[in-house]
Structure formats: C-alpha cells, structure tokens
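Remarks on the structure that follows.
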Amino acid sequence: MKSLNVLGVSSSMREGSFGTRTVKIVLDTAQKYEAKTRLLELRKIGMPLFNPDSDSSIQSDMKLQKVTNDVNWADAYILVSPDYHGSISGAMKNFLDYYWEEFAGKTFGYICTSHEKGLTVMDQMRTAVRQCYGWSLPYGISVNGQEDFNKVGEVTNSLLDKRLRMLARDLVVYGKLIRGQFLQDLSSDVIDTFVTRYR
Ligand SMILES: Cc1cc2nc3c(=O)[nH]c(=O)nc-3n(C[C@H](O)[C@H](O)[C@H](O)COP(=O)(O)O)c2cc1C
C-alpha cells in the first residue's frame, strides 16, 4: 500500500474546540509521513440521531453520504472527544453508532480534551472500536486546552507536542501494516483469520 488515508473525526460542538485544533496538528504531521488526510468536524455536519429503523436513509441523506464516503475512504482514524462527565460526547457516540464493518481491520488513535486525564473517555472509544474489529494504538493523548495552548492557538506544552508527533508517526506506520495485512487476507483464501467474515 502506497500511502495511508487518515480521517480525523472531531466531536466537539464548540467552534473554538481544542480537540479540533489538536487533531489538525496531528493530521498535518501525518502528511509529512506521506499520509493523505481529511478532517470530519461533526459540528459542521449535524448528523441526525442514529435510528436503526431508518438505516437506508444513509444513502439518501447528502450529509450522511459525505460522512460515509469519508469513513470508507479512510484506512486509519483519529477519534477526538471532549471529556463530558467522564464520557465521550453525544456527537461521537452518535457517529460511532452509524458504522460497524467499515472500521474492521483499520487502526485508530485517540485524543481527549479534558481537565483530567480523559482515560475513561478514550476507553469508551476503544471499546466501541474493538467491538467493530478495529485496532487501537496502545496509548491515547489527553489535552488540557487552557494549559497546553497559548492565546493564539499554538501548543506550548513541549511534552504534548512530542506526543502529538509520536501519534502521527505511529498511526501512519502501524496503520499501514494493519490495513495492508487486512486487505491481503481479504483477497486471499486463508481461513484461519477473523477477516473471513468480511469477504
Ligand atoms: C457537559 C460538560 C461536561 C464536562 N465534564 C467534564 C469532566 O467530567 N471532566 C473534565 O475534565 N472536563 C469536563 N468538561 C470540560 C471539557 O471536557 C473541556 O472543556 C474540554 O476542553 C472541551 O473540549 P473542546 O475544547 O474540544 O470543546 C465538561 C464540559 C461540559 C460542557
């Protein structure tokens, strides 16, 4: 596989979201590793509340079509959620509810904006992704907006800066390996692999 398609999904409804700001930095850095990147700002899309009874509307709703195109295009994802009561945002949960098989065999990185460590938030995203046979990087990144950024939106925390660069690099390198093997297994006749169910 030549280059990796990375989709950032930011799920804060705030215009000045620190999470959205952060994922833009990671996506820019991923491009230096020859990834192609897109950003899905759920704030701008306004996905309707997922309803299993109207599943077919994914095809007819233009907004959902755009999201689905981006999801299918992606080989790897960065999911970003604010910490709301130790949980993911409703927008992130709603986004995740729409998709299942689309996440299989793809690698995910996580960012949480929180005044704390955001571990429970990232664990919730991990759980949803694992349930859909996606793969997660072993660490996530917690951002404290007020402390880690200056007034013009630059990262002032050098440790965070380092971790963001690490996330970009690892997602591209490990994401390629996982996706490459998944696609290879998909088009092979090997039976002792979880990939058989996606053929
Ligand atoms: C409804 C609500 C609940 C929140 N709960 C928590 C929380 O439990 N722990 C925490 O550290 N921050 C909490 N926060 C603060 C946000 O996580 C924090 O402001 C974050 O930076 C917002 O991300 P954003 O800048 O990407 O919008 C909460 C904020 C809101 C609006």
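Every chain in the structure tokens has a letter given in the order shown (A, B, ...), and although residue numbers restart at 1 in each chain, ligands are simply numbered from 1 in the order shown.
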Self-check item: Nearby residues, ligand 1, 12 Å, only C-alpha atoms and all ligand atoms, as a ChimeraX atom specification
Solution: /A:9-24,41-43,79-92,111-121,142-149,153
Grab the residues selected above and save them as a compact mmCIF listing (two decimals), in the first residue's frame with N, CA and C atoms.
```txt
# COMPACT_ATOMS: atom_id res chain seq x y z
N VAL A 9 -11.69 12.64 13.18
CA VAL A 9 -13.11 12.87 13.48
C VAL A 9 -13.19 13.66 14.78
N SER A 10 -13.57 14.92 14.69
CA SER A 10 -13.65 15.73 15.91
C SER A 10 -15.12 15.89 16.29
N SER A 11 -15.37 15.77 17.58
CA SER A 11 -16.76 15.64 18.02
C SER A 11 -17.17 16.66 19.06
N SER A 12 -16.46 17.79 19.11
CA SER A 12 -16.92 18.87 19.98
C SER A 12 -17.80 19.79 19.16
N MET A 13 -18.84 20.30 19.75
CA MET A 13 -19.72 21.25 19.04
C MET A 13 -19.21 22.68 19.18
N ARG A 14 -18.11 22.85 19.92
CA ARG A 14 -17.58 24.21 20.15
C ARG A 14 -16.79 24.69 18.95
N GLU A 15 -17.06 25.94 18.56
CA GLU A 15 -16.35 26.48 17.41
C GLU A 15 -14.84 26.54 17.66
N GLY A 16 -14.47 26.96 18.88
CA GLY A 16 -13.03 27.09 19.18
C GLY A 16 -12.46 25.84 19.83
N SER A 17 -13.01 24.69 19.49
CA SER A 17 -12.64 23.44 20.16
C SER A 17 -11.12 23.17 20.18
N PHE A 18 -10.62 22.87 21.37
CA PHE A 18 -9.20 22.49 21.49
C PHE A 18 -8.96 21.14 20.82
N GLY A 19 -9.95 20.27 20.89
CA GLY A 19 -9.79 18.95 20.27
C GLY A 19 -9.62 19.07 18.76
N THR A 20 -10.45 19.90 18.14
CA THR A 20 -10.36 20.08 16.69
C THR A 20 -9.00 20.70 16.33
N ARG A 21 -8.59 21.66 17.12
CA ARG A 21 -7.28 22.29 16.91
C ARG A 21 -6.17 21.24 16.98
N THR A 22 -6.28 20.38 17.97
CA THR A 22 -5.23 19.37 18.19
C THR A 22 -5.16 18.36 17.04
N VAL A 23 -6.31 17.90 16.60
CA VAL A 23 -6.29 16.87 15.55
C VAL A 23 -5.76 17.45 14.24
N LYS A 24 -5.99 18.74 14.03
CA LYS A 24 -5.43 19.37 12.81
C LYS A 24 -3.91 19.29 12.83
N GLU A 41 -15.47 17.33 10.81
CA GLU A 41 -15.91 18.07 12.01
C GLU A 41 -17.40 17.82 12.18
N LEU A 42 -17.75 16.99 13.15
CA LEU A 42 -19.16 16.62 13.31
C LEU A 42 -20.02 17.84 13.59
N ARG A 43 -19.43 18.86 14.19
CA ARG A 43 -20.12 20.13 14.45
C ARG A 43 -20.70 20.72 13.15
N LEU A 79 -9.82 9.57 16.47
CA LEU A 79 -11.09 9.98 17.08
C LEU A 79 -10.79 10.97 18.20
N VAL A 80 -11.55 12.06 18.22
CA VAL A 80 -11.31 13.12 19.21
C VAL A 80 -12.60 13.44 19.93
N SER A 81 -12.54 13.35 21.25
CA SER A 81 -13.74 13.69 22.02
C SER A 81 -13.40 14.55 23.22
N PRO A 82 -14.27 15.51 23.54
CA PRO A 82 -14.13 16.18 24.83
C PRO A 82 -14.56 15.22 25.94
N ASP A 83 -14.08 15.47 27.12
CA ASP A 83 -14.49 14.71 28.30
C ASP A 83 -15.77 15.34 28.83
N TYR A 84 -16.88 14.64 28.66
CA TYR A 84 -18.15 15.10 29.22
C TYR A 84 -18.57 14.11 30.31
N HIS A 85 -18.43 14.52 31.57
CA HIS A 85 -18.77 13.67 32.72
C HIS A 85 -18.05 12.33 32.64
N GLY A 86 -16.78 12.37 32.24
CA GLY A 86 -16.00 11.13 32.15
C GLY A 86 -16.39 10.27 30.97
N SER A 87 -17.16 10.83 30.04
CA SER A 87 -17.67 10.03 28.91
C SER A 87 -17.39 10.74 27.59
N ILE A 88 -17.60 10.01 26.49
CA ILE A 88 -17.46 10.63 25.17
C ILE A 88 -18.64 11.57 24.93
N SER A 89 -18.47 12.48 23.97
CA SER A 89 -19.56 13.40 23.64
C SER A 89 -20.67 12.62 22.95
N GLY A 90 -21.88 13.16 23.03
CA GLY A 90 -23.01 12.53 22.34
C GLY A 90 -22.76 12.45 20.84
N ALA A 91 -22.11 13.48 20.30
CA ALA A 91 -21.83 13.51 18.84
C ALA A 91 -20.92 12.36 18.44
N MET A 92 -19.92 12.07 19.27
CA MET A 92 -19.01 10.96 18.96
C MET A 92 -19.76 9.63 19.04
N ILE A 111 -7.67 11.02 20.93
CA ILE A 111 -7.35 12.27 21.62
C ILE A 111 -8.56 12.64 22.47
N CYS A 112 -8.30 13.04 23.71
CA CYS A 112 -9.38 13.53 24.57
C CYS A 112 -9.02 14.89 25.13
N THR A 113 -9.93 15.85 25.04
CA THR A 113 -9.72 17.15 25.69
C THR A 113 -10.41 17.10 27.04
N SER A 114 -9.62 17.33 28.08
CA SER A 114 -10.12 17.11 29.44
C SER A 114 -9.33 17.96 30.42
N HIS A 115 -9.93 18.24 31.58
CA HIS A 115 -9.15 18.87 32.64
C HIS A 115 -8.44 17.79 33.45
N GLU A 116 -8.81 16.53 33.16
CA GLU A 116 -8.19 15.41 33.87
C GLU A 116 -7.39 14.60 32.84
N LYS A 117 -7.35 13.27 33.00
CA LYS A 117 -6.55 12.51 32.04
C LYS A 117 -7.37 11.98 30.86
N GLY A 118 -8.67 12.00 31.04
CA GLY A 118 -9.54 11.56 29.94
C GLY A 118 -9.48 10.08 29.64
N LEU A 119 -8.99 9.29 30.60
CA LEU A 119 -8.78 7.85 30.31
C LEU A 119 -10.09 7.11 30.09
N THR A 120 -11.11 7.45 30.88
CA THR A 120 -12.39 6.73 30.71
C THR A 120 -13.00 7.06 29.35
N VAL A 121 -12.77 8.30 28.90
CA VAL A 121 -13.31 8.72 27.60
C VAL A 121 -12.64 7.92 26.48
N SER A 142 -4.10 12.99 25.98
CA SER A 142 -5.02 13.87 26.69
C SER A 142 -4.53 15.31 26.58
N VAL A 143 -5.45 16.21 26.26
CA VAL A 143 -5.10 17.63 26.07
C VAL A 143 -5.88 18.48 27.06
N ASN A 144 -5.17 19.34 27.75
CA ASN A 144 -5.84 20.30 28.62
C ASN A 144 -5.75 21.68 27.94
N GLY A 145 -6.83 22.05 27.27
CA GLY A 145 -6.82 23.22 26.40
C GLY A 145 -6.23 24.47 27.03
N GLN A 146 -6.74 24.83 28.18
CA GLN A 146 -6.30 26.09 28.82
C GLN A 146 -4.81 26.07 29.16
N GLU A 147 -4.30 24.90 29.53
CA GLU A 147 -2.90 24.83 29.97
C GLU A 147 -1.92 24.55 28.82
N ASP A 148 -2.38 23.86 27.80
CA ASP A 148 -1.45 23.37 26.77
C ASP A 148 -1.33 24.29 25.55
N PHE A 149 -2.26 25.24 25.42
CA PHE A 149 -2.24 26.16 24.26
C PHE A 149 -2.05 27.59 24.74
N GLY A 153 -3.43 29.95 19.89
CA GLY A 153 -3.74 28.58 19.47
C GLY A 153 -2.53 27.70 19.19
```
As a PDB file with C-alpha atoms, in the first residue's frame, list the residues of region 38-176 of chain A assigned to strand (DSSP E or B) by DSSP on the backbone atoms of this structure.
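Wrote out.pdb, looks like this:
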```
ATOM      1  CA  ARG A  38      -9.209  14.571   5.824  1.00  0.00           C
ATOM      2  CA  LEU A  39     -10.966  16.131   8.784  1.00  0.00           C
ATOM      3  CA  LEU A  40     -14.578  15.416   9.637  1.00  0.00           C
ATOM      4  CA  GLU A  41     -15.906  18.070  12.010  1.00  0.00           C
ATOM      5  CA  ALA A  76      -6.993   4.794   9.729  1.00  0.00           C
ATOM      6  CA  TYR A  77      -8.742   7.233  12.065  1.00  0.00           C
ATOM      7  CA  ILE A  78      -8.048   9.697  14.829  1.00  0.00           C
ATOM      8  CA  LEU A  79     -11.092   9.978  17.077  1.00  0.00           C
ATOM      9  CA  VAL A  80     -11.307  13.122  19.206  1.00  0.00           C
ATOM     10  CA  SER A  81     -13.741  13.688  22.020  1.00  0.00           C
ATOM     11  CA  PRO A  82     -14.126  16.179  24.826  1.00  0.00           C
ATOM     12  CA  TYR A  84     -18.154  15.101  29.222  1.00  0.00           C
ATOM     13  CA  SER A  87     -17.671  10.032  28.911  1.00  0.00           C
ATOM     14  CA  THR A 107      -6.159   1.404  13.099  1.00  0.00           C
ATOM     15  CA  PHE A 108      -7.416   4.085  15.486  1.00  0.00           C
ATOM     16  CA  GLY A 109      -5.653   6.770  17.509  1.00  0.00           C
ATOM     17  CA  TYR A 110      -7.383   8.729  20.288  1.00  0.00           C
ATOM     18  CA  ILE A 111      -7.346  12.269  21.625  1.00  0.00           C
ATOM     19  CA  CYS A 112      -9.381  13.527  24.568  1.00  0.00           C
ATOM     20  CA  THR A 113      -9.716  17.148  25.694  1.00  0.00           C
ATOM     21  CA  TRP A 135      -7.330  -1.944  16.090  1.00  0.00           C
ATOM     22  CA  SER A 136      -6.244   0.715  18.585  1.00  0.00           C
ATOM     23  CA  ILE A 141      -3.351  11.653  24.164  1.00  0.00           C
ATOM     24  CA  SER A 142      -5.021  13.867  26.691  1.00  0.00           C
ATOM     25  CA  VAL A 143      -5.099  17.626  26.070  1.00  0.00           C
ATOM     26  CA  PHE A 149      -2.235  26.158  24.263  1.00  0.00           C
ATOM     27  CA  VAL A 155       0.832  24.254  21.647  1.00  0.00           C
TER      28      VAL A 155
END
```
Self-check item: Test item: residues at most 10 Å from Leu177 (chain A), only C-alpha atoms, excluding those fewer than 3 positions along its chain, as a list in words
Solution: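 Using only C-alpha atoms, the neighbours found are Met1, Leu4, Lys106, Thr107, Leu171, Val172, Val173, Tyr174, Gly180, Gln181 and Phe182 of chain A.
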Self-check item: Shortest interatomic distance to Trp100 (chain A) - which of A:Tyr198, A:Lys36, A:Asp161, A:Met166, counting only C-alpha atoms
Solution: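 Comparing A:Tyr198, A:Lys36, A:Asp161, A:Met166 against Trp100 (chain A), the winner is A:Tyr198.
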Exercise. Please measure the separation of CA of Ile178 (chain A) and CA of Ser3 (chain A), giving the value in Å to one decimal.
Key: 13.1 Å
Quiz item: To one decimal place, how far is CA of Pro52 (chain A) from CA of Gly8 (chain A) in Å?
Solution: 24.8 Å
Quiz item: At what distance in Å, to one decimal, does CA of Asp75 (chain A) lie from CA of Ala128 (chain A)?
Solution: 17.2 Å
Exercise. Determine, counting only C-alpha atoms, which protein, DNA and RNA residues have an atom within 12 Å of an atom of Lys162 (chain A); residues of the same chain fewer than 6 positions away are not included. Present the result as number ranges by chain.
Key: A: 25-26, 29, 141, 155-156, 168-169
